[in-house]
Every structure is written in C-alpha cells, then in structure tokens.
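Chemist: Provided herewith: upload_17.cif, mmCIF, C-alpha atoms.
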```cif
data_structure
loop_
_atom_site.group_PDB
_atom_site.id
_atom_site.type_symbol
_atom_site.label_atom_id
_atom_site.label_comp_id
_atom_site.auth_asym_id
_atom_site.auth_seq_id
_atom_site.Cartn_x
_atom_site.Cartn_y
_atom_site.Cartn_z
ATOM 1 C CA MET A 98 43.151 -87.074 -3.774
ATOM 2 C CA CYS A 99 44.458 -83.662 -4.927
ATOM 3 C CA GLY A 100 45.872 -85.136 -8.139
ATOM 4 C CA GLN A 101 49.386 -83.895 -7.383
ATOM 5 C CA CYS A 102 50.862 -85.500 -4.318
ATOM 6 C CA GLY A 103 48.954 -88.851 -4.220
ATOM 7 C CA CYS A 104 47.427 -88.107 -0.819
ATOM 8 C CA GLU A 105 44.320 -90.046 0.226
ATOM 9 C CA PRO A 106 41.049 -88.210 -0.274
ATOM 10 C CA SER A 107 38.861 -87.691 2.735
ATOM 11 C CA PRO A 108 36.298 -90.468 2.902
ATOM 12 C CA LEU A 109 32.956 -89.840 1.261
ATOM 13 C CA THR A 110 29.886 -91.269 2.944
ATOM 14 C CA LEU A 111 26.792 -91.848 0.819
ATOM 15 C CA GLN A 112 23.326 -92.612 2.122
ATOM 16 C CA VAL A 113 22.187 -94.996 -0.590
ATOM 17 C CA GLN A 114 19.002 -96.822 0.468
ATOM 18 C CA THR A 115 18.650 -99.054 -2.592
ATOM 19 C CA SER A 116 17.236 -102.552 -2.589
ATOM 20 C CA LEU A 117 19.569 -105.499 -3.118
ATOM 21 C CA LEU A 118 16.814 -106.965 -5.259
ATOM 22 C CA GLN A 119 16.730 -103.880 -7.464
ATOM 23 C CA SER A 120 17.879 -105.378 -10.756
ATOM 24 C CA ASN A 121 15.725 -108.487 -10.351
ATOM 25 C CA ALA A 122 12.751 -106.261 -9.543
ATOM 26 C CA ALA A 123 13.359 -104.156 -12.656
ATOM 27 C CA THR A 124 13.437 -107.236 -14.900
ATOM 28 C CA ALA A 125 10.374 -108.682 -13.153
ATOM 29 C CA ASP A 126 8.478 -105.413 -13.653
ATOM 30 C CA SER A 127 9.223 -105.384 -17.355
ATOM 31 C CA LEU A 128 8.106 -109.020 -17.629
ATOM 32 C CA ARG A 129 4.914 -108.198 -15.733
ATOM 33 C CA GLN A 130 4.171 -105.416 -18.196
ATOM 34 C CA ARG A 131 4.638 -107.836 -21.100
ATOM 35 C CA PHE A 132 2.375 -110.446 -19.497
ATOM 36 C CA THR A 133 -0.293 -107.849 -18.688
ATOM 37 C CA ALA A 134 -0.227 -106.444 -22.221
ATOM 38 C CA LEU A 135 -0.814 -109.973 -23.555
ATOM 39 C CA GLY A 136 -3.498 -110.713 -20.956
ATOM 40 C CA LEU A 137 -1.477 -113.811 -20.052
ATOM 41 C CA PRO A 138 -1.853 -115.232 -16.537
ATOM 42 C CA VAL A 139 1.535 -116.357 -15.196
ATOM 43 C CA ILE A 140 1.852 -118.696 -12.238
ATOM 44 C CA ASN A 141 4.993 -119.039 -10.122
ATOM 45 C CA LEU A 142 4.946 -122.442 -8.427
ATOM 46 C CA LEU A 143 7.087 -122.863 -5.296
ATOM 47 C CA SER A 144 7.627 -125.785 -2.951
ATOM 48 C CA SER A 145 10.254 -127.950 -1.337
ATOM 49 C CA PRO A 146 11.637 -130.805 -3.453
ATOM 50 C CA GLY A 147 9.300 -133.764 -3.711
ATOM 51 C CA SER A 148 6.004 -132.123 -2.830
ATOM 52 C CA GLY A 149 4.614 -132.929 -6.255
ATOM 53 C CA LYS A 150 4.901 -129.792 -8.388
ATOM 54 C CA THR A 151 5.619 -131.702 -11.583
ATOM 55 C CA ALA A 152 2.896 -134.266 -10.855
ATOM 56 C CA LEU A 153 0.412 -131.417 -10.338
ATOM 57 C CA LEU A 154 1.445 -129.972 -13.695
ATOM 58 C CA GLU A 155 0.915 -133.377 -15.314
ATOM 59 C CA GLN A 156 -2.610 -133.416 -13.912
ATOM 60 C CA LEU A 157 -3.218 -129.874 -15.126
ATOM 61 C CA ALA A 158 -2.102 -131.054 -18.570
ATOM 62 C CA ALA A 159 -4.556 -133.953 -18.400
ATOM 63 C CA GLN A 160 -7.534 -131.990 -17.098
ATOM 64 C CA HIS A 161 -7.302 -128.519 -18.598
ATOM 65 C CA PRO A 162 -10.063 -127.476 -20.999
ATOM 66 C CA GLN A 163 -8.830 -128.508 -24.447
ATOM 67 C CA PRO A 164 -8.769 -125.103 -26.124
ATOM 68 C CA TRP A 165 -6.328 -123.778 -23.510
ATOM 69 C CA ARG A 166 -2.721 -123.654 -24.572
ATOM 70 C CA LEU A 167 -0.402 -124.131 -21.596
ATOM 71 C CA GLY A 168 3.291 -123.299 -21.511
ATOM 72 C CA VAL A 169 5.607 -124.419 -18.738
ATOM 73 C CA VAL A 170 9.055 -123.210 -17.724
ATOM 74 C CA VAL A 171 10.733 -125.743 -15.434
ATOM 75 C CA ALA A 172 13.729 -124.701 -13.364
ATOM 76 C CA ASP A 173 16.094 -127.192 -11.769
ATOM 77 C CA LEU A 174 19.721 -127.083 -10.756
ATOM 78 C CA ALA A 175 20.428 -129.885 -13.212
ATOM 79 C CA THR A 176 18.755 -132.348 -15.652
ATOM 80 C CA ASP A 177 15.848 -131.792 -18.015
ATOM 81 C CA ASN A 178 13.860 -134.706 -16.570
ATOM 82 C CA ASP A 179 10.874 -132.583 -15.582
ATOM 83 C CA ALA A 180 10.560 -130.845 -18.947
ATOM 84 C CA ARG A 181 10.674 -134.221 -20.703
ATOM 85 C CA ARG A 182 7.991 -135.592 -18.351
ATOM 86 C CA LEU A 183 5.735 -132.650 -19.172
ATOM 87 C CA GLN A 184 6.425 -132.772 -22.911
ATOM 88 C CA ARG A 185 5.254 -136.400 -22.878
ATOM 89 C CA ARG A 186 1.935 -135.040 -21.572
ATOM 90 C CA GLY A 187 1.690 -132.740 -24.554
ATOM 91 C CA LEU A 188 2.715 -129.535 -22.772
ATOM 92 C CA GLN A 189 5.000 -126.964 -24.309
ATOM 93 C CA ALA A 190 7.767 -127.186 -21.709
ATOM 94 C CA VAL A 191 11.137 -125.471 -21.583
ATOM 95 C CA GLN A 192 13.802 -126.463 -19.056
ATOM 96 C CA VAL A 193 16.063 -123.895 -17.418
ATOM 97 C CA SER A 194 19.159 -125.187 -15.664
ATOM 98 C CA THR A 195 20.064 -122.814 -12.875
ATOM 99 C CA GLY A 196 23.419 -124.512 -12.213
ATOM 100 C CA THR A 197 24.482 -123.561 -8.712
ATOM 101 C CA LEU A 198 21.669 -121.031 -8.300
ATOM 102 C CA CYS A 199 19.047 -122.084 -5.787
ATOM 103 C CA HIS A 200 16.265 -120.036 -7.389
ATOM 104 C CA LEU A 201 15.119 -118.811 -10.771
ATOM 105 C CA PRO A 202 15.996 -115.126 -11.206
ATOM 106 C CA ALA A 203 13.845 -112.967 -13.488
ATOM 107 C CA ALA A 204 16.712 -112.574 -15.973
ATOM 108 C CA LEU A 205 16.936 -116.350 -16.570
ATOM 109 C CA LEU A 206 13.167 -116.539 -16.989
ATOM 110 C CA GLU A 207 13.297 -113.709 -19.507
ATOM 111 C CA ARG A 208 15.897 -115.607 -21.520
ATOM 112 C CA ALA A 209 13.824 -118.832 -21.442
ATOM 113 C CA LEU A 210 10.748 -116.951 -22.669
ATOM 114 C CA GLY A 211 12.566 -116.345 -25.948
ATOM 115 C CA ARG A 212 11.737 -119.984 -26.708
ATOM 116 C CA PHE A 213 7.950 -119.409 -26.519
ATOM 117 C CA ASP A 214 5.455 -117.570 -28.632
ATOM 118 C CA LEU A 215 3.776 -115.981 -25.611
ATOM 119 C CA SER A 216 0.915 -114.578 -27.671
ATOM 120 C CA ALA A 217 -0.055 -118.185 -28.516
ATOM 121 C CA LEU A 218 -0.450 -119.181 -24.836
ATOM 122 C CA ASP A 219 -3.465 -118.965 -22.520
ATOM 123 C CA LEU A 220 -1.570 -119.767 -19.337
ATOM 124 C CA LEU A 221 2.118 -119.831 -18.426
ATOM 125 C CA LEU A 222 3.240 -121.947 -15.492
ATOM 126 C CA ILE A 223 6.680 -121.603 -13.931
ATOM 127 C CA GLU A 224 7.887 -124.522 -11.861
ATOM 128 C CA ASN A 225 10.548 -122.900 -9.694
ATOM 129 C CA VAL A 226 13.550 -124.729 -8.230
ATOM 130 C CA GLY A 227 12.396 -127.045 -5.422
ATOM 131 C CA ASN A 228 13.340 -124.891 -2.439
ATOM 132 C CA LEU A 229 11.159 -122.962 -0.015
ATOM 133 C CA VAL A 230 13.806 -120.408 0.944
ATOM 134 C CA CYS A 231 15.468 -118.600 -1.947
ATOM 135 C CA PRO A 232 12.768 -118.504 -4.662
ATOM 136 C CA ALA A 233 10.501 -116.630 -2.247
ATOM 137 C CA LEU A 234 12.640 -113.483 -2.600
ATOM 138 C CA PHE A 235 12.804 -113.326 -6.372
ATOM 139 C CA ASP A 236 9.814 -111.775 -8.121
ATOM 140 C CA LEU A 237 9.287 -113.172 -11.616
ATOM 141 C CA GLY A 238 6.560 -110.780 -12.688
ATOM 142 C CA GLU A 239 3.961 -113.472 -12.034
ATOM 143 C CA SER A 240 0.272 -112.721 -11.584
ATOM 144 C CA LEU A 241 -0.189 -115.485 -9.025
ATOM 145 C CA ARG A 242 2.228 -117.152 -6.623
ATOM 146 C CA VAL A 243 1.296 -120.683 -5.612
ATOM 147 C CA VAL A 244 3.078 -122.526 -2.801
ATOM 148 C CA VAL A 245 2.631 -126.297 -2.651
ATOM 149 C CA LEU A 246 2.801 -128.184 0.616
ATOM 150 C CA ALA A 247 2.379 -131.962 0.632
ATOM 151 C CA ALA A 248 0.687 -134.004 3.318
ATOM 152 C CA GLY A 249 3.407 -135.654 5.349
ATOM 153 C CA GLU A 250 5.867 -132.786 5.005
ATOM 154 C CA GLY A 251 5.172 -131.576 8.531
ATOM 155 C CA GLU A 252 2.302 -129.489 9.823
ATOM 156 C CA ASP A 253 4.673 -126.736 10.979
ATOM 157 C CA LYS A 254 6.214 -126.143 7.555
ATOM 158 C CA PRO A 255 4.427 -122.772 7.199
ATOM 159 C CA LEU A 256 5.991 -121.666 10.498
ATOM 160 C CA LYS A 257 9.443 -122.842 9.420
ATOM 161 C CA TYR A 258 9.335 -121.108 6.034
ATOM 162 C CA PRO A 259 7.263 -117.998 6.763
ATOM 163 C CA THR A 260 8.778 -115.885 3.958
ATOM 164 C CA ALA A 261 7.590 -118.259 1.247
ATOM 165 C CA PHE A 262 4.120 -118.794 2.701
ATOM 166 C CA ALA A 263 3.619 -115.116 3.490
ATOM 167 C CA SER A 264 4.246 -114.337 -0.187
ATOM 168 C CA ALA A 265 1.695 -116.890 -1.480
ATOM 169 C CA ASP A 266 -1.578 -115.961 -3.136
ATOM 170 C CA LEU A 267 -2.662 -119.593 -3.081
ATOM 171 C CA VAL A 268 -1.467 -122.607 -1.091
ATOM 172 C CA VAL A 269 -2.134 -126.083 -2.490
ATOM 173 C CA ILE A 270 -2.035 -128.940 0.005
ATOM 174 C CA ASN A 271 -1.104 -131.857 -2.235
ATOM 175 C CA LYS A 272 -1.128 -135.647 -1.606
ATOM 176 C CA ILE A 273 -4.273 -135.116 0.443
ATOM 177 C CA ASP A 274 -5.306 -138.707 -0.433
ATOM 178 C CA LEU A 275 -2.412 -139.870 1.788
ATOM 179 C CA ALA A 276 -3.345 -137.708 4.783
ATOM 180 C CA ALA A 277 -4.801 -140.537 6.896
ATOM 181 C CA ALA A 278 -1.963 -142.976 6.140
ATOM 182 C CA LEU A 279 0.609 -140.326 7.097
ATOM 183 C CA ASP A 280 -1.205 -139.135 10.226
ATOM 184 C CA PHE A 281 -1.256 -135.705 8.655
ATOM 185 C CA ASP A 282 -3.104 -133.180 10.822
ATOM 186 C CA LEU A 283 -4.854 -130.940 8.293
ATOM 187 C CA GLN A 284 -6.543 -128.703 10.872
ATOM 188 C CA LEU A 285 -3.242 -127.948 12.576
ATOM 189 C CA THR A 286 -1.621 -127.186 9.207
ATOM 190 C CA LEU A 287 -4.473 -124.828 8.308
ATOM 191 C CA ARG A 288 -4.092 -123.087 11.653
ATOM 192 C CA HIS A 289 -0.375 -122.545 10.999
ATOM 193 C CA LEU A 290 -1.136 -121.276 7.510
ATOM 194 C CA ARG A 291 -3.636 -118.746 8.844
ATOM 195 C CA GLN A 292 -0.958 -117.555 11.251
ATOM 196 C CA VAL A 293 1.735 -116.760 8.660
ATOM 197 C CA ALA A 294 -0.290 -116.499 5.452
ATOM 198 C CA PRO A 295 -3.735 -115.113 6.264
ATOM 199 C CA GLN A 296 -3.897 -113.649 2.742
ATOM 200 C CA ALA A 297 -3.582 -116.997 0.951
ATOM 201 C CA ARG A 298 -6.426 -119.089 -0.413
ATOM 202 C CA VAL A 299 -6.020 -122.773 0.381
ATOM 203 C CA LEU A 300 -6.933 -125.673 -1.923
ATOM 204 C CA LEU A 301 -6.695 -129.395 -1.218
ATOM 205 C CA ALA A 302 -5.573 -131.607 -4.074
ATOM 206 C CA SER A 303 -4.140 -134.941 -5.059
ATOM 207 C CA ALA A 304 -1.939 -135.091 -8.115
ATOM 208 C CA ARG A 305 -2.259 -138.871 -7.970
ATOM 209 C CA SER A 306 -6.048 -139.185 -7.971
ATOM 210 C CA GLY A 307 -6.714 -135.911 -9.768
ATOM 211 C CA ASP A 308 -8.944 -134.617 -6.972
ATOM 212 C CA GLY A 309 -9.025 -130.860 -6.623
ATOM 213 C CA ILE A 310 -7.356 -130.207 -9.987
ATOM 214 C CA GLU A 311 -10.497 -128.715 -11.501
ATOM 215 C CA ARG A 312 -10.704 -126.181 -8.659
ATOM 216 C CA LEU A 313 -7.017 -125.455 -9.076
ATOM 217 C CA LEU A 314 -7.467 -124.808 -12.812
ATOM 218 C CA ALA A 315 -10.289 -122.409 -12.050
ATOM 219 C CA ALA A 316 -8.107 -120.560 -9.551
ATOM 220 C CA LEU A 317 -5.211 -120.278 -11.986
ATOM 221 C CA ARG A 318 -7.151 -118.893 -14.911
ATOM 222 C CA MET B 260 22.943 -119.593 -2.155
ATOM 223 C CA HIS B 261 20.668 -116.635 -2.675
ATOM 224 C CA GLU B 262 22.961 -114.754 -0.273
ATOM 225 C CA LEU B 263 25.636 -114.882 -2.984
ATOM 226 C CA SER B 264 23.234 -113.507 -5.619
ATOM 227 C CA LEU B 265 22.429 -110.635 -3.278
ATOM 228 C CA MET B 266 26.104 -109.924 -2.647
ATOM 229 C CA LEU B 267 26.871 -109.937 -6.376
ATOM 230 C CA GLU B 268 24.142 -107.321 -6.788
ATOM 231 C CA LEU B 269 25.684 -105.373 -3.893
ATOM 232 C CA ARG B 270 29.091 -105.531 -5.570
ATOM 233 C CA GLN B 271 27.668 -104.160 -8.782
ATOM 234 C CA GLN B 272 25.863 -101.302 -7.007
ATOM 235 C CA ALA B 273 28.830 -100.406 -4.784
ATOM 236 C CA LEU B 274 31.408 -100.396 -7.584
ATOM 237 C CA ALA B 275 29.112 -98.383 -9.862
ATOM 238 C CA LEU B 276 28.688 -95.714 -7.163
ATOM 239 C CA MET B 277 32.423 -95.681 -6.548
ATOM 240 C CA ALA B 278 33.087 -95.053 -10.249
ATOM 241 C CA LEU B 279 30.338 -92.430 -10.414
ATOM 242 C CA HIS B 280 31.988 -90.463 -7.604
ATOM 243 C CA ASN B 281 35.523 -90.939 -8.982
ATOM 244 C CA ARG B 282 36.724 -92.830 -5.939
ATOM 245 C CA ARG B 283 39.280 -95.619 -5.747
ATOM 246 C CA ARG B 284 37.987 -97.976 -3.129
ATOM 247 C CA VAL B 285 35.025 -98.941 -1.008
ATOM 248 C CA VAL B 286 35.928 -98.520 2.662
ATOM 249 C CA ALA B 287 32.722 -99.575 4.375
ATOM 250 C CA ILE B 288 29.283 -100.893 3.506
ATOM 251 C CA THR B 289 26.214 -100.808 5.715
ATOM 252 C CA LEU B 290 23.287 -103.085 4.953
ATOM 253 C CA ARG B 291 19.862 -103.077 6.529
ATOM 254 C CA ILE B 292 18.450 -106.591 6.641
ATOM 255 C CA GLY B 293 14.920 -107.324 7.814
ATOM 256 C CA LEU B 294 14.368 -110.194 10.209
ATOM 257 C CA GLY B 295 11.597 -111.409 7.904
ATOM 258 C CA ALA B 296 13.664 -111.104 4.729
ATOM 259 C CA GLY B 297 14.598 -114.775 4.602
ATOM 260 C CA VAL B 298 18.318 -114.055 4.677
ATOM 261 C CA ASP B 299 20.896 -115.305 7.142
ATOM 262 C CA ALA B 300 23.397 -112.669 8.331
ATOM 263 C CA ASP B 301 26.280 -115.150 8.760
ATOM 264 C CA ALA B 302 25.753 -116.597 5.286
ATOM 265 C CA LEU B 303 25.593 -113.047 3.981
ATOM 266 C CA ALA B 304 28.948 -112.171 5.571
ATOM 267 C CA LEU B 305 30.559 -115.277 4.039
ATOM 268 C CA ALA B 306 29.121 -114.519 0.622
ATOM 269 C CA PHE B 307 30.245 -110.890 0.986
ATOM 270 C CA ALA B 308 33.891 -111.948 1.299
ATOM 271 C CA SER B 309 33.817 -114.131 -1.791
ATOM 272 C CA ALA B 310 31.797 -111.675 -3.872
ATOM 273 C CA MET B 311 34.130 -108.742 -3.139
ATOM 274 C CA ALA B 312 37.444 -110.615 -3.433
ATOM 275 C CA GLY B 313 39.750 -109.119 -6.035
ATOM 276 C CA THR B 314 37.738 -105.892 -6.393
ATOM 277 C CA ALA B 315 38.133 -102.369 -5.037
ATOM 278 C CA ALA B 316 35.696 -103.418 -2.318
ATOM 279 C CA ALA B 317 37.786 -106.405 -1.187
ATOM 280 C CA SER B 318 38.803 -104.829 2.109
ATOM 281 C CA ALA B 319 35.507 -103.058 2.773
ATOM 282 C CA ARG B 320 34.143 -103.270 6.305
ATOM 283 C CA LEU B 321 30.666 -104.803 6.368
ATOM 284 C CA THR B 322 28.070 -103.713 8.915
ATOM 285 C CA ILE B 323 24.708 -105.435 8.999
ATOM 286 C CA GLU B 324 21.926 -103.589 10.804
ATOM 287 C CA SER B 325 18.923 -105.717 11.477
ATOM 288 C CA ALA B 326 15.453 -104.282 11.229
ATOM 289 C CA ALA B 327 11.877 -105.406 11.463
ATOM 290 C CA GLY B 328 10.179 -106.407 8.233
ATOM 291 C CA ARG B 329 11.603 -107.662 4.950
ATOM 292 C CA ASP B 330 14.175 -105.003 4.030
ATOM 293 C CA LEU B 331 17.195 -106.024 1.949
ATOM 294 C CA VAL B 332 18.799 -102.647 1.552
ATOM 295 C CA LEU B 333 22.183 -101.097 0.833
ATOM 296 C CA ALA B 334 21.858 -98.361 3.438
ATOM 297 C CA ALA B 335 25.166 -96.523 3.258
ATOM 298 C CA LEU B 336 28.542 -96.619 1.573
ATOM 299 C CA GLU B 337 31.847 -95.089 2.590
ATOM 300 C CA LEU B 338 34.215 -94.458 -0.309
ATOM 301 C CA GLY B 339 37.926 -93.755 -0.136
#
```
Translate the structure described by the file into structure tokens.
Modeler:
Amino acid sequence: MCGQCGCEPSPLTLQVQTSLLQSNAATADSLRQRFTALGLPVINLLSSPGSGKTALLEQLAAQHPQPWRLGVVVADLATDNDARRLQRRGLQAVQVSTGTLCHLPAALLERALGRFDLSALDLLLIENVGNLVCPALFDLGESLRVVVLAAGEGEDKPLKYPTAFASADLVVINKIDLAAALDFDLQLTLRHLRQVAPQARVLLASARSGDGIERLLAALR
Amino acid sequence: MHELSLMLELRQQALALMALHNRRRVVAITLRIGLGAGVDADALALAFASAMAGTAAASARLTIESAAGRDLVLAALELG
C-alpha cells in the first residue's frame, strides 16, 4: 500500500521454516534446565487409556526406597480421580485437567509445578493423558520417556502408534501376569517393538502382582 | 485434537510475522508435514479453518507439502 490511494501492496513472500512446536519446545527447554540444575529425574509416562499407568504408580509408591520423595503430576481431560488414588498411597500428587486438550503441553506442566517444592523431590513422575497419539509430540523437558503397553492391547500396537514408541526411552509391558490368559504373544510384540523402537529398553511388569517394579524403579532413578 | 493446538501456534506465528512486516492479511500459508510426524493432513486442514476464523488469516490459502521424517514446519508465508 502506498499510503495515499489505498491500493493493495504487492504480495510479500517469506521463507519462514519455523517449527509448529516452537513455543512448546521453548517452555520444555526451560523446564529441562530447571530439572537438570536440581538434579531431578523427570519421567513422562505415556500410554493408551486403561493400560495401567496409575496402577504402576501405586506400585512405585508402595515399593520405592523409603527415603525417596516422589512427586506426581497427573493429567486427565476431566476428574481428579487419579490424583486422589495416588494421594491415598502417600504420594504428593497434583491433578491437571486438560479440558478438551488431548495431551499435556509444557506450559500446563509448568503451571502445575508451582504447586510443588521441586528441590524437596527425588523423582518427578508425569502421568500424561491416556492417549498414544498426541502426547508423543509434546516435549515436557523430561529426562526419560516411558511408554506403557499392556498385555492384551494387541501385539501390533507399536506398529499402529510408531510416533509414540519411536520416542520412548523405555517401554514397560504391563499386566504380564495376564499374558497366558489373554493369549498375548510377547515375542511378536517384542519383534514389533524392535522394528519401530530399536532404541528403547523393554521391561516386563505387573502392577497387580508387583513383579518387575523393582527393576522399573532402578531404571527410573 | 493436537492438530488444533498446532494450528493455534501457526496462527500466532503467522499473525506476528504479518504485524512485524506491516501487512494487513495473510494470503497463503505453506506447511511442511512429515509422514512420521503423527499428524493427519485432513484433520489439520479442518483445524486450520477454525483456528484462523475471524482473523486476518481467515481467507488464507493452505498448502500442505508432505515430507519424509517428522517435520512440523511453517515453511512459507505470503502476506498481502
């Protein structure tokens, strides 16, 4: 526009090349710096709904070495049921309601952390919204990303949700005590995991019996 | 819908660049979306319309270029 006659300016084309996850990444980076400065391990726990994330956390609460102080941030679309479950087990748990958001963005985590004294924690666990699609894209500044897959969910789940599994540092196969009853083919599942997530360590666990929880604690800390 | 979150971020970036360059509207937006990015192009186009409604980018033309890998990138912007 020339500023006089109201004519349209010639179009301006910009080569931008910025990430659409830019502002989340910036918040996640600043969180990561805070966690690193405190020497605090932070675990981002991902899975589909019903694979037993909260039950695993209850077992971690029961079996962790007593001097450890664990904090948990639980994200759900609605209700504070999970936080109340974990508080009953003596964990410091804060619920974040994401409303219509299908994942926990770094900015909401940052706000929830205002309710903790992070310097008084030895381990911070984040139970993400039960969803294997969206949370995979949103870095939270965590030091370890754990994806939980339960026996009976389908051996090809890693192939169906490759983004989530490819971003995992550790995969926990939960409900392993039910494998036989559910005709769950562990070897096939492991083969699929190696295909899409060759970088991930794999642990077998049962949140019901408590098997494998000690190994999981060792891997988290 | 993480597609909507991504489009809200796009709106913020596009409108900020428009203001920075003293322009009045966003004419076209080109995104580069990786096939492994975990994002659905149709869902993205739907979310684009609702995210941009009522803004200076409401009538912007959206082009989605697909690429290998996990890119989620605002590649280019045409401003009017």
Chemist: Distance CA of Pro295 in chain A-CA of Arg318 in chain A, one decimal place?
Modeler: 21.8 Å
Chemist: Env of Pro255 in chain A: 7 Å cut, atoms = all atoms listed in the file, seq-sep filter 5 positions within chain, self excluded. Answer as a list in words.
Modeler: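 Once the adjacent positions are removed, what remains is Phe262, His289, Leu290 and Val293 of chain A.
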Chemist: Store the residues of this selection in a file with C-alpha atoms, as a short mmCIF file (atom, residue, chain, number, x, y, z; two decimals), keeping the file's coordinate frame.
Modeler:
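Final file, part.cif:
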```cif
data_model
loop_
_atom_site.label_atom_id
_atom_site.label_comp_id
_atom_site.auth_asym_id
_atom_site.auth_seq_id
_atom_site.Cartn_x
_atom_site.Cartn_y
_atom_site.Cartn_z
CA PHE A 262 4.12 -118.79 2.70
CA HIS A 289 -0.38 -122.54 11.00
CA LEU A 290 -1.14 -121.28 7.51
CA VAL A 293 1.74 -116.76 8.66
#
```
Chemist: Taking the file as shown, what set of residues would the PyMOL selection byres ((chain B and resi 306) around 9) give back, as a ChimeraX atom specification?
Modeler: /B:260,262-267,301-305,307-311
Chemist: Go through A:Gly187, A:Arg166, A:Gly211, A:Ser116 and flag the residue nearest Gly293 in chain B, using all atoms listed in the file for the distances.
Modeler: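 Closest candidate: A:Ser116.
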Chemist: Please enumerate the residues selected by the PyMOL selection byres ((chain A) within 12 of (chain B)) when evaluated against the supplied file, formatted as a VMD selection string.
Modeler: chain A and resid 98 100 103 to 122 174 195 to 202 228 to 235 256 to 264 293
Chemist: Record the distance separating CA of Leu246 in chain A and CA of Thr124 in chain A, expressed in Å with one decimal.
Modeler: 28.2 Å
Chemist: Please enclose the listed atoms of range 180-192 of chain A in an axis-aligned box, pad each side by 6 Å, and write out the centre and the three edge lengths in Å, rounded to one decimal, as JSON.
Modeler:
```
{"center_x": 7.7, "center_y": -130.9, "center_z": -21.5, "size_x": 24.1, "size_y": 22.9, "size_z": 18.2}
```
Chemist: Quick one: apply the PyMOL selection byres ((chain A and resi 149) around 8) to the file and drop the selected residues here as a list in words.
Modeler: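 Output from the PyMOL selection byres ((chain A and resi 149) around 8), applied to this file: Pro146, Gly147, Ser148, Lys150, Thr151, Ala152, Leu153, Val245, Ala247, Asn271, Lys272 and Ala304 of chain A.
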Chemist: What is the distance, in Å and to one decimal place, between CA of Leu137 in chain A and CA of Val243 in chain A?
Modeler: 16.2 Å
Chemist: Which one of A:Gln189, A:Leu128, A:Arg181, A:Ala203 sits closest to Asp219 in chain A if you count only C-alpha atoms?
Modeler: A:Gln189
Chemist: Using all atoms listed in the file, give me every residue within 9 Å of (-4.6, -126.8, -16.8) in file coordinates, as a list of chain:residue names.
Modeler: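 Residues with an atom at most 9 Å from (-4.6, -126.8, -16.8): A:Leu154, A:Glu155, A:Gln156, A:Leu157, A:Ala158, A:Ala159, A:Gln160, A:His161, A:Pro162, A:Gln163, A:Trp165, A:Arg166, A:Leu167, A:Leu220, A:Ile310, A:Glu311, A:Leu313, A:Leu314, A:Ala315, A:Leu317, A:Arg318.
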Chemist: Of the candidates A:Ser240, A:Asn225, A:Asn178, A:Gln184, which shows the shortest atom-to-atom distance to Pro138 in chain A, using only C-alpha atoms?
Modeler: A:Ser240
Chemist: Leaving out Val269 in chain A and any residue of its chain fewer than 4 positions from it, which residues lie within 7 Å of it when counting only C-alpha atoms, given as a PyMOL selection string?
Modeler: chain A and resi 244-246+299-302
Chemist: Which polymer residues have any atom within 10 Å of an atom of Thr286 in chain A, counting all atoms listed in the file, with same-chain residues fewer than 2 positions away left out, as a list in words?
Modeler: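 Answer for this query is Leu246, Ala248, Gly251, Glu252, Asp253, Lys254, Pro255, Leu256, Ile270, Phe281, Asp282, Leu283, Gln284, Arg288, His289, Leu290, Arg291 and Gln292 of chain A.
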Chemist: Where atoms are absent from range 232-247 of chain A, fill them in so it carries N, CA and C atoms, then output it as a short mmCIF file (atom, residue, chain, number, x, y, z; two decimals), in the frame of the given file.
Modeler:
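And here is the file that came out, rebuild.cif:
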```cif
data_model
loop_
_atom_site.label_atom_id
_atom_site.label_comp_id
_atom_site.auth_asym_id
_atom_site.auth_seq_id
_atom_site.Cartn_x
_atom_site.Cartn_y
_atom_site.Cartn_z
N PRO A 232 13.68 -119.00 -3.62
CA PRO A 232 12.77 -118.50 -4.66
C PRO A 232 11.75 -117.49 -4.13
N ALA A 233 11.50 -117.54 -2.82
CA ALA A 233 10.50 -116.63 -2.25
C ALA A 233 10.89 -115.17 -2.44
N LEU A 234 12.19 -114.88 -2.53
CA LEU A 234 12.64 -113.48 -2.60
C LEU A 234 12.62 -112.92 -4.01
N PHE A 235 12.57 -113.80 -5.01
CA PHE A 235 12.80 -113.33 -6.37
C PHE A 235 11.51 -113.26 -7.18
N ASP A 236 11.00 -112.04 -7.32
CA ASP A 236 9.81 -111.78 -8.12
C ASP A 236 10.09 -112.16 -9.57
N LEU A 237 9.12 -112.81 -10.21
CA LEU A 237 9.29 -113.17 -11.62
C LEU A 237 8.30 -112.43 -12.51
N GLY A 238 7.57 -111.49 -11.91
CA GLY A 238 6.56 -110.78 -12.69
C GLY A 238 5.26 -111.56 -12.79
N GLU A 239 5.13 -112.61 -11.96
CA GLU A 239 3.96 -113.47 -12.03
C GLU A 239 2.69 -112.75 -11.59
N SER A 240 1.53 -113.28 -12.06
CA SER A 240 0.27 -112.72 -11.58
C SER A 240 -0.23 -113.47 -10.36
N LEU A 241 0.26 -114.70 -10.17
CA LEU A 241 -0.19 -115.48 -9.02
C LEU A 241 0.96 -116.34 -8.52
N ARG A 242 1.20 -116.30 -7.20
CA ARG A 242 2.23 -117.15 -6.62
C ARG A 242 1.55 -118.28 -5.85
N VAL A 243 1.90 -119.50 -6.23
CA VAL A 243 1.30 -120.68 -5.61
C VAL A 243 2.38 -121.44 -4.85
N VAL A 244 2.14 -121.72 -3.58
CA VAL A 244 3.08 -122.53 -2.80
C VAL A 244 2.42 -123.88 -2.54
N VAL A 245 3.15 -124.94 -2.84
CA VAL A 245 2.63 -126.30 -2.65
C VAL A 245 3.24 -126.90 -1.40
N LEU A 246 2.38 -127.50 -0.60
CA LEU A 246 2.80 -128.18 0.62
C LEU A 246 2.17 -129.56 0.55
N ALA A 247 2.95 -130.62 0.74
CA ALA A 247 2.38 -131.96 0.63
C ALA A 247 2.07 -132.52 2.01
#
```
